[in-house]
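Shown next: protein_18.txt, containing compact mmCIF, C-alpha atoms.
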```txt
# COMPACT_ATOMS: atom_id res chain seq x y z
CA MET K 1 -49.43 -6.24 -16.06
CA SER K 2 -48.10 -8.73 -18.54
CA THR K 3 -44.65 -8.90 -16.94
CA SER K 4 -45.74 -10.35 -13.61
CA SER K 5 -48.20 -12.77 -15.18
CA PHE K 6 -45.59 -14.09 -17.58
CA ILE K 7 -43.11 -14.84 -14.80
CA ASP K 8 -45.90 -16.74 -13.03
CA LYS K 9 -46.43 -18.71 -16.22
CA THR K 10 -42.70 -19.42 -16.34
CA ILE K 11 -42.62 -20.71 -12.78
CA GLU K 12 -45.70 -22.82 -13.49
CA GLY K 13 -44.09 -24.31 -16.58
CA LEU K 14 -40.82 -25.08 -14.77
CA ASN K 15 -42.76 -26.63 -11.90
CA SER K 16 -44.75 -28.85 -14.20
CA LYS K 17 -41.48 -30.24 -15.57
CA GLY K 18 -40.16 -30.71 -12.04
CA PHE K 19 -37.11 -28.50 -12.63
CA ILE K 20 -37.49 -26.23 -9.61
CA LEU K 21 -35.87 -27.15 -6.29
CA GLU K 22 -37.11 -23.96 -4.69
CA TYR K 23 -37.59 -20.36 -5.66
CA VAL K 24 -37.30 -17.04 -3.87
CA VAL K 25 -38.87 -13.72 -4.80
CA ASP K 26 -36.55 -11.05 -3.51
CA GLN K 27 -37.25 -7.49 -2.34
CA TYR K 28 -37.04 -6.19 -5.91
CA ASN K 29 -39.72 -8.65 -7.04
CA GLU K 30 -37.12 -10.63 -8.96
CA TYR K 31 -37.38 -14.39 -9.20
CA ASN K 32 -34.46 -16.55 -8.09
CA VAL K 33 -35.01 -20.12 -9.13
CA PHE K 34 -32.79 -22.86 -7.73
CA ILE K 35 -32.27 -25.85 -9.98
CA SER K 36 -30.16 -28.98 -9.92
CA ALA K 37 -26.98 -29.12 -11.97
CA ASN K 38 -27.99 -32.53 -13.30
CA ASN K 39 -30.87 -31.23 -15.38
CA ALA K 40 -29.62 -27.66 -15.82
CA LEU K 41 -29.16 -28.08 -19.55
CA GLU K 42 -32.73 -29.38 -20.00
CA THR K 43 -34.04 -26.50 -17.88
CA ILE K 44 -32.26 -23.89 -19.97
CA LYS K 45 -33.31 -25.59 -23.19
CA TYR K 46 -36.92 -25.59 -22.00
CA LEU K 47 -36.74 -21.90 -20.97
CA ASN K 48 -35.21 -21.00 -24.31
CA ALA K 49 -37.33 -23.04 -26.68
CA ASP K 50 -40.73 -23.17 -24.98
CA LEU K 51 -40.83 -20.03 -22.84
CA GLY K 52 -38.96 -17.65 -25.15
CA TYR K 53 -36.02 -16.77 -22.89
CA GLY K 54 -33.79 -16.13 -25.85
CA PHE K 55 -31.21 -13.77 -24.32
CA LEU K 56 -28.47 -14.98 -21.97
CA VAL K 57 -27.83 -11.81 -19.98
CA ASP K 58 -25.12 -13.19 -17.75
CA LEU K 59 -23.53 -16.34 -16.54
CA THR K 60 -21.25 -16.22 -13.53
CA GLY K 61 -20.38 -17.94 -10.28
CA SER K 62 -20.07 -17.26 -6.60
CA HIS K 63 -18.33 -18.84 -3.66
CA TYR K 64 -19.82 -19.37 -0.18
CA PRO K 65 -17.11 -21.28 1.70
CA GLU K 66 -19.24 -21.45 4.88
CA LYS K 67 -22.11 -23.34 3.22
CA GLU K 68 -21.09 -26.94 3.55
CA GLY K 69 -22.06 -29.11 0.61
CA SER K 70 -23.02 -26.16 -1.59
CA GLU K 71 -19.91 -24.02 -1.55
CA TYR K 72 -20.15 -22.91 -5.15
CA GLN K 73 -22.98 -21.50 -7.16
CA VAL K 74 -23.54 -20.96 -10.86
CA VAL K 75 -25.79 -17.98 -11.56
CA ILE K 76 -27.54 -17.56 -14.89
CA HIS K 77 -29.60 -14.52 -15.88
CA LEU K 78 -32.06 -14.97 -18.72
CA GLN K 79 -34.38 -12.54 -20.41
CA ASN K 80 -37.44 -12.94 -22.58
CA LEU K 81 -37.20 -9.85 -24.79
CA VAL K 82 -40.76 -10.20 -26.14
CA GLU K 83 -42.45 -10.45 -22.75
CA ASN K 84 -39.85 -8.25 -21.02
CA SER K 85 -39.40 -10.88 -18.36
CA ARG K 86 -36.24 -11.70 -16.46
CA ILE K 87 -35.36 -14.76 -14.44
CA ARG K 88 -32.32 -15.64 -12.35
CA ILE K 89 -31.36 -19.30 -12.29
CA LYS K 90 -29.06 -20.53 -9.54
CA SER K 91 -27.50 -23.90 -9.07
CA ASN K 92 -25.53 -24.98 -6.03
CA LEU K 93 -22.43 -27.11 -6.42
CA SER K 94 -20.41 -28.96 -3.84
CA LYS K 95 -16.66 -28.30 -3.78
CA ASP K 96 -16.15 -32.04 -4.36
CA ASN K 97 -18.03 -31.99 -7.65
CA LEU K 98 -17.69 -28.77 -9.59
CA GLU K 99 -19.17 -30.05 -12.83
CA PHE K 100 -21.90 -28.11 -14.54
CA PRO K 101 -23.23 -28.71 -18.05
CA SER K 102 -22.04 -26.25 -20.68
CA LEU K 103 -24.79 -24.14 -22.22
CA THR K 104 -22.88 -23.57 -25.45
CA SER K 105 -25.26 -25.82 -27.36
CA VAL K 106 -28.10 -23.44 -26.47
CA PHE K 107 -26.37 -20.05 -26.27
CA SER K 108 -23.12 -19.54 -28.20
CA SER K 109 -22.57 -16.43 -26.06
CA SER K 110 -22.12 -18.61 -22.99
CA ASN K 111 -18.76 -19.79 -24.36
CA TRP K 112 -16.65 -16.92 -23.01
CA MET K 113 -18.77 -16.47 -19.89
CA GLU K 114 -18.16 -20.11 -18.98
CA ARG K 115 -14.47 -19.68 -19.62
CA GLU K 116 -14.50 -16.67 -17.29
CA THR K 117 -16.39 -18.59 -14.59
CA PHE K 118 -13.91 -21.44 -14.96
CA ASP K 119 -11.02 -18.97 -14.81
CA PHE K 120 -12.14 -17.31 -11.59
CA PHE K 121 -13.97 -20.11 -9.74
CA GLY K 122 -12.70 -23.34 -11.29
CA ILE K 123 -16.15 -24.61 -12.20
CA GLN K 124 -15.84 -27.36 -14.81
CA PHE K 125 -18.31 -26.91 -17.65
CA THR K 126 -18.76 -30.32 -19.18
CA GLY K 127 -19.17 -30.29 -22.93
CA HIS K 128 -17.51 -26.90 -23.37
CA PRO K 129 -15.58 -26.84 -26.67
CA ASP K 130 -12.53 -24.97 -25.35
CA LEU K 131 -12.45 -24.59 -21.58
CA ARG K 132 -9.31 -22.61 -20.76
CA ARG K 133 -8.53 -19.35 -18.99
CA ILE K 134 -9.74 -16.19 -20.66
CA LEU K 135 -8.86 -13.16 -18.51
CA ASN K 136 -5.97 -14.21 -16.29
CA VAL K 137 -2.50 -15.17 -17.43
CA ASP K 138 -2.34 -18.69 -18.84
CA ASP K 139 0.19 -19.96 -16.31
CA MET K 140 -1.84 -18.92 -13.26
CA ASP K 141 -2.21 -21.99 -11.05
CA TYR K 142 -5.26 -21.11 -8.94
CA HIS K 143 -8.73 -19.63 -9.28
CA PRO K 144 -8.44 -16.13 -7.79
CA MET K 145 -12.08 -15.40 -6.88
CA ARG K 146 -12.17 -18.31 -4.46
CA LYS K 147 -12.27 -16.86 -0.96
CA GLU K 148 -9.34 -18.86 0.38
CA TYR K 149 -6.95 -16.83 -1.80
CA ALA K 150 -5.87 -13.37 -0.77
CA LEU K 151 -6.70 -10.51 -3.08
CA GLU K 152 -3.27 -8.98 -2.66
CA ASP K 153 -0.36 -9.95 -4.84
CA ALA K 154 2.32 -12.01 -3.15
CA THR K 155 5.15 -10.47 -5.17
CA ARG K 156 4.62 -7.03 -3.67
CA ALA K 157 7.77 -6.14 -1.77
CA ASP K 158 7.16 -2.64 -0.43
CA LYS K 159 4.33 -3.39 2.00
CA ASN K 160 4.61 -5.00 5.42
CA ASP K 161 2.44 -5.85 8.41
CA THR K 162 3.42 -2.82 10.43
CA PHE K 163 1.94 -0.31 8.06
CA PHE K 164 -0.60 -2.18 5.98
CA GLY K 165 -1.92 -4.91 8.28
CA ARG K 166 -0.91 -7.77 6.10
CA MET O 1 13.86 33.01 -29.84
CA VAL O 2 15.53 29.79 -30.86
CA LYS O 3 17.69 28.29 -28.17
CA VAL O 4 20.46 26.03 -29.34
CA VAL O 5 22.12 23.36 -27.20
CA GLU O 6 25.48 24.38 -25.87
CA ALA O 7 28.48 22.70 -27.40
CA PRO O 8 30.34 20.21 -25.18
CA GLU O 9 33.74 20.98 -23.71
CA GLY O 10 36.50 21.01 -26.30
CA PHE O 11 39.22 22.96 -28.04
CA GLU O 12 38.15 25.72 -30.31
CA GLY O 13 40.15 27.65 -32.79
CA GLN O 14 39.75 29.44 -36.03
CA GLY O 15 37.69 27.12 -38.25
CA PHE O 16 37.92 24.06 -36.07
CA PHE O 17 36.44 22.53 -32.93
CA ALA O 18 37.74 19.38 -31.30
CA THR O 19 36.08 17.30 -28.62
CA SER O 20 35.59 13.64 -27.79
CA LEU O 21 33.18 11.57 -29.86
CA ASP O 22 31.10 10.26 -26.97
CA LYS O 23 30.30 13.82 -25.87
CA VAL O 24 29.03 14.72 -29.34
CA ILE O 25 27.03 11.51 -29.66
CA GLY O 26 25.65 11.88 -26.14
CA MET O 27 24.59 15.43 -26.88
CA ALA O 28 22.90 14.38 -30.12
CA ARG O 29 21.12 11.42 -28.53
CA ALA O 30 19.96 13.34 -25.48
CA ASN O 31 18.43 16.14 -27.49
CA SER O 32 16.61 14.04 -30.03
CA LEU O 33 14.98 11.28 -28.00
CA TRP O 34 12.11 9.59 -29.81
CA PRO O 35 9.69 8.42 -27.15
CA LEU O 36 7.35 5.48 -27.49
CA PRO O 37 4.37 6.20 -25.26
CA PHE O 38 3.03 2.99 -23.70
CA ALA O 39 0.07 4.66 -22.00
CA THR O 40 -2.65 2.55 -20.42
CA SER O 41 -4.51 4.79 -17.98
CA CYS O 42 -4.67 8.19 -16.25
CA CYS O 43 -0.88 8.66 -16.31
CA GLY O 44 -1.27 8.48 -20.08
CA ILE O 45 -3.65 11.45 -19.92
CA GLU O 46 -1.05 13.40 -17.96
CA PHE O 47 1.50 12.42 -20.57
CA MET O 48 -0.80 13.78 -23.28
CA ALA O 49 -0.89 17.06 -21.38
CA THR O 50 2.91 16.93 -21.24
CA MET O 51 3.01 16.66 -25.02
CA GLY O 52 0.42 19.42 -25.44
CA ALA O 53 1.03 23.12 -25.98
CA ASN O 54 1.05 24.14 -22.30
CA TYR O 55 3.89 21.92 -21.17
CA ASP O 56 5.29 21.05 -24.59
CA LEU O 57 7.79 18.24 -24.24
CA ALA O 58 8.85 19.06 -27.81
CA ARG O 59 10.93 21.90 -26.35
CA PHE O 60 13.36 19.25 -25.13
CA GLY O 61 13.82 17.55 -28.47
CA SER O 62 11.17 14.88 -28.04
CA GLU O 63 9.03 16.29 -30.78
CA ARG O 64 8.25 13.06 -32.47
CA MET O 65 6.32 10.25 -30.83
CA SER O 66 7.34 6.95 -32.28
CA PHE O 67 4.46 4.50 -32.32
CA SER O 68 6.71 1.85 -33.73
CA PRO O 69 9.23 0.47 -31.24
CA ARG O 70 11.75 0.00 -34.05
CA GLN O 71 12.46 3.72 -34.28
CA ALA O 72 12.07 4.60 -30.61
CA ASP O 73 14.84 5.40 -28.11
CA LEU O 74 12.76 5.97 -25.00
CA LEU O 75 9.97 3.74 -23.74
CA ILE O 76 7.59 5.77 -21.58
CA VAL O 77 5.40 3.39 -19.60
CA ALA O 78 2.51 5.38 -18.15
CA GLY O 79 -0.18 3.45 -16.36
CA THR O 80 -1.23 0.15 -14.82
CA ILE O 81 0.32 -2.90 -16.45
CA SER O 82 -1.63 -6.07 -15.82
CA LYS O 83 0.20 -9.38 -15.63
CA LYS O 84 -1.29 -10.36 -18.93
CA LEU O 85 0.14 -7.22 -20.51
CA GLY O 86 3.61 -7.93 -19.11
CA PRO O 87 4.80 -10.13 -22.02
CA VAL O 88 3.50 -7.53 -24.49
CA LEU O 89 5.50 -4.80 -22.79
CA LYS O 90 8.56 -7.02 -22.83
CA GLN O 91 8.11 -7.68 -26.53
CA VAL O 92 7.86 -3.96 -27.22
CA TYR O 93 11.08 -3.43 -25.25
CA ASP O 94 12.75 -6.27 -27.18
CA GLN O 95 11.81 -4.70 -30.48
CA MET O 96 13.47 -1.40 -29.64
CA ALA O 97 16.98 -0.96 -30.94
CA GLU O 98 19.92 -0.09 -28.69
CA PRO O 99 20.54 2.36 -27.20
CA LYS O 100 17.23 2.46 -25.39
CA TRP O 101 15.95 3.93 -22.16
CA VAL O 102 12.86 3.26 -20.07
CA LEU O 103 10.90 5.87 -18.11
CA SER O 104 8.38 4.49 -15.63
CA VAL O 105 5.68 7.11 -15.10
CA GLY O 106 3.49 6.96 -12.01
CA ALA O 107 2.92 4.69 -9.04
CA CYS O 108 1.30 1.84 -11.01
CA ALA O 109 4.09 1.37 -13.52
CA SER O 110 6.72 1.78 -10.78
CA SER O 111 5.27 -0.46 -8.08
CA GLY O 112 1.72 -1.54 -8.89
CA GLY O 113 0.41 1.48 -7.00
CA ILE O 114 -3.00 1.06 -5.41
CA PHE O 115 -3.59 -2.05 -7.48
CA ASP O 116 -2.15 -4.49 -4.98
CA THR O 117 -3.98 -7.41 -6.54
CA TYR O 118 -3.44 -10.74 -8.20
CA SER O 119 -3.98 -9.51 -11.75
CA VAL O 120 -1.63 -6.51 -11.77
CA LEU O 121 2.11 -6.51 -12.32
CA GLN O 122 3.72 -5.05 -9.18
CA GLY O 123 6.04 -2.73 -11.07
CA ILE O 124 7.30 -3.00 -14.64
CA ASP O 125 10.81 -3.67 -13.31
CA HIS O 126 9.66 -7.26 -12.84
CA VAL O 127 9.72 -7.52 -16.63
CA ILE O 128 12.07 -4.91 -18.09
CA PRO O 129 14.92 -2.77 -16.73
CA VAL O 130 13.89 0.79 -15.81
CA ASP O 131 16.19 3.83 -15.97
CA VAL O 132 14.11 6.51 -14.27
CA TYR O 133 11.03 6.30 -12.05
CA VAL O 134 8.58 9.20 -11.83
CA PRO O 135 6.49 9.07 -8.64
CA GLY O 136 2.93 10.34 -8.36
CA CYS O 137 -0.60 9.15 -8.84
CA PRO O 138 -0.70 10.49 -11.45
CA PRO O 139 2.42 12.69 -11.64
CA ARG O 140 2.02 16.26 -12.87
CA PRO O 141 3.38 17.07 -16.34
CA GLU O 142 6.28 18.96 -14.73
CA GLN O 143 7.31 15.73 -13.02
CA ILE O 144 7.18 13.80 -16.29
CA ILE O 145 9.32 16.50 -17.92
CA GLU O 146 11.82 16.18 -15.08
CA GLY O 147 11.86 12.43 -15.66
CA VAL O 148 12.65 12.98 -19.34
CA LEU O 149 15.39 15.46 -18.39
CA LYS O 150 16.90 12.81 -16.11
CA ILE O 151 16.84 10.38 -19.04
CA GLN O 152 18.55 13.06 -21.15
CA HIS O 153 21.22 13.36 -18.49
CA LEU O 154 21.75 9.58 -18.62
CA ALA O 155 21.94 9.65 -22.41
CA LYS O 156 24.37 12.55 -22.36
CA THR O 157 26.78 11.04 -19.84
CA GLU O 158 26.57 7.41 -20.91
CA SER O 159 29.81 5.79 -22.01
CA LEU O 160 29.75 4.70 -25.63
CA ARG O 161 30.87 1.21 -24.64
CA ARG O 162 28.30 0.73 -21.88
CA ARG O 163 25.86 -1.33 -23.97
CA ASP O 164 28.66 -3.69 -25.03
CA SER O 165 29.81 -4.33 -21.47
CA ASP O 166 29.46 -7.63 -19.67
CA GLU O 167 27.77 -5.85 -16.81
CA TYR O 168 25.02 -4.58 -19.11
CA ARG O 169 24.59 -7.97 -20.74
CA LYS O 170 24.33 -9.67 -17.35
CA MET O 171 21.73 -7.14 -16.27
CA LEU O 172 19.62 -7.97 -19.35
CA GLU O 173 20.05 -11.66 -18.71
CA THR O 174 18.50 -11.28 -15.26
CA TYR O 175 15.35 -10.18 -17.13
CA ASN O 176 15.65 -13.12 -19.54
CA ILE O 177 16.17 -10.71 -22.39
CA GLU O 178 18.17 -12.18 -25.24
CA THR O 179 21.38 -10.40 -26.05
CA THR O 180 23.24 -10.44 -29.33
CA LYS O 181 26.84 -11.67 -29.53
```

Rewrite the structure from the file as structure tokens, please.
Amino acid sequence: MSTSSFIDKTIEGLNSKGFILEYVVDQYNEYNVFISANNALETIKYLNADLGYGFLVDLTGSHYPEKEGSEYQVVIHLQNLVENSRIRIKSNLSKDNLEFPSLTSVFSSSNWMERETFDFFGIQFTGHPDLRRILNVDDMDYHPMRKEYALEDATRADKNDTFFGR
Amino acid sequence: MVKVVEAPEGFEGQGFFATSLDKVIGMARANSLWPLPFATSCCGIEFMATMGANYDLARFGSERMSFSPRQADLLIVAGTISKKLGPVLKQVYDQMAEPKWVLSVGACASSGGIFDTYSVLQGIDHVIPVDVYVPGCPPRPEQIIEGVLKIQHLAKTESLRRRDSDEYRKMLETYNIETTK
């Protein structure tokens, strides 16, 4: 099957460039490749130009407060439409340094996705042309998808501990 | 059969009828409310049913939906209002001319409802003053009609000077709504 052989070729190519920190094949036979934030832009450029991953499916973040030193994660999904091959790129970030290179020079579509990831997780995309909030109100002063913030709204007046376990 | 609104209390004689002006104006306002539907979710669907042939809000004089706030008397907020939509709702309210009334339809518009979360406004009364709240998730069309009838009652019995009063102006100022004069 061409799909599985092409993903092997992808991993081989990334390995030869030294981009891969480690990779995991999950139960759905999907490839999760961990890379370093320092050469993330080169990795994505290489995947796009040389390996034909021309479609940025998704770019988002996640927060694992219990993982010391790698609390945040940027997750990038790429697809090669010709070979029908998908790859998931992950990059761990420490809460002390939330900088990640902007991919806008490679994929224009990453512009709004990076703004969203900044909005919800506070990840700083260096080189982004216009990094400001996109979905939440402009005067919001925190990043709501971080686990230290409660989901519930603090202005709610009609709920109390007795009935709702606040 | 055409049913006509009953005349207000007054003195009647041959060829004349005398009553107070605010009663006549109240009657006229109450029975010709032009609603502006601000419908964002399922409550909006219930409101559409309310306007449809089965429930027919037009029977109560609200025949004409005004999709421009400039000509509307009654703002019907039906659905979840996110915090980002709050300023938009306030602008719509600002653009309406006095006298104006606000009907908050459903749990979300009234209190945030099940959406107890950082992105949702916990009741439109954080942004604009509300005259009547309709509970329910979503409320049935009969409930929405009752809400409109309550608004009609307010319109009918409102003093003509109410919107010029200091009390009213102070109330608007608590919402940071600019007042003329």

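Residues within 7 Å of segment 49-61 of chain O, counting only C-alpha atoms and excluding same-chain residues fewer than 6 positions away, are Asn31, Ser32, Leu33, Pro141 and Ile145 of chain O.
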
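Around the point (-10.3, -16.1, -17.2), within 7 Å and counting all atoms listed in the file, we find these residues: Arg115, Glu116, Phe118, Asp119, Phe120, Arg133, Ile134, Leu135 and Asn136 of chain K.
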
Mind listing as a PyMOL selection string all residues within 12 Å of (-35.4, -12.8, -5.2), counting all atoms listed in the file?
-> chain K and resi 22-34+86-90

Output the contact residues of chain O with respect to chain K at a cut-off of 9 Å, based on all atoms listed in the file, as an MDAnalysis selection string.
-> chainID O and resid 83:85 111:112 115:123

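Picture a line from atom CA of Val77 of chain O to atom CA of Phe38 of chain O; it runs 4.8 Å.
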
Non-local contacts of Glu42 of chain K (12 Å; only C-alpha atoms; under 2 positions in same chain excluded) as an mmCIF file with C-alpha atoms, in the coordinates of the input:
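Output file part11.cif is given in full below:
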```cif
data_model
loop_
_atom_site.group_PDB
_atom_site.id
_atom_site.type_symbol
_atom_site.label_atom_id
_atom_site.label_comp_id
_atom_site.auth_asym_id
_atom_site.auth_seq_id
_atom_site.Cartn_x
_atom_site.Cartn_y
_atom_site.Cartn_z
ATOM 1 C CA LEU K 14 -40.820 -25.080 -14.770
ATOM 2 C CA LYS K 17 -41.480 -30.240 -15.570
ATOM 3 C CA GLY K 18 -40.160 -30.710 -12.040
ATOM 4 C CA PHE K 19 -37.110 -28.500 -12.630
ATOM 5 C CA ILE K 20 -37.490 -26.230 -9.610
ATOM 6 C CA ILE K 35 -32.270 -25.850 -9.980
ATOM 7 C CA SER K 36 -30.160 -28.980 -9.920
ATOM 8 C CA ALA K 37 -26.980 -29.120 -11.970
ATOM 9 C CA ASN K 38 -27.990 -32.530 -13.300
ATOM 10 C CA ASN K 39 -30.870 -31.230 -15.380
ATOM 11 C CA ALA K 40 -29.620 -27.660 -15.820
ATOM 12 C CA ILE K 44 -32.260 -23.890 -19.970
ATOM 13 C CA LYS K 45 -33.310 -25.590 -23.190
ATOM 14 C CA TYR K 46 -36.920 -25.590 -22.000
ATOM 15 C CA LEU K 47 -36.740 -21.900 -20.970
ATOM 16 C CA ASN K 48 -35.210 -21.000 -24.310
ATOM 17 C CA ALA K 49 -37.330 -23.040 -26.680
ATOM 18 C CA ASP K 50 -40.730 -23.170 -24.980
ATOM 19 C CA PRO K 101 -23.230 -28.710 -18.050
ATOM 20 C CA SER K 102 -22.040 -26.250 -20.680
ATOM 21 C CA LEU K 103 -24.790 -24.140 -22.220
ATOM 22 C CA SER K 105 -25.260 -25.820 -27.360
ATOM 23 C CA VAL K 106 -28.100 -23.440 -26.470
#
```

Go through O:Asp22, O:Glu158, O:Glu46, O:Asp131 and flag the residue nearest Leu74 of chain O, using all atoms listed in the file for the distances.
-> O:Asp131

Out of K:Glu114, K:His77, K:Lys147, K:Thr60, which residue has the shortest atom-to-atom distance to Arg132 of chain K when counting all atoms listed in the file?
-> K:Glu114

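The coordinates place atom CA of Thr43 of chain K at 15.2 Å from atom CA of Ser110 of chain K.
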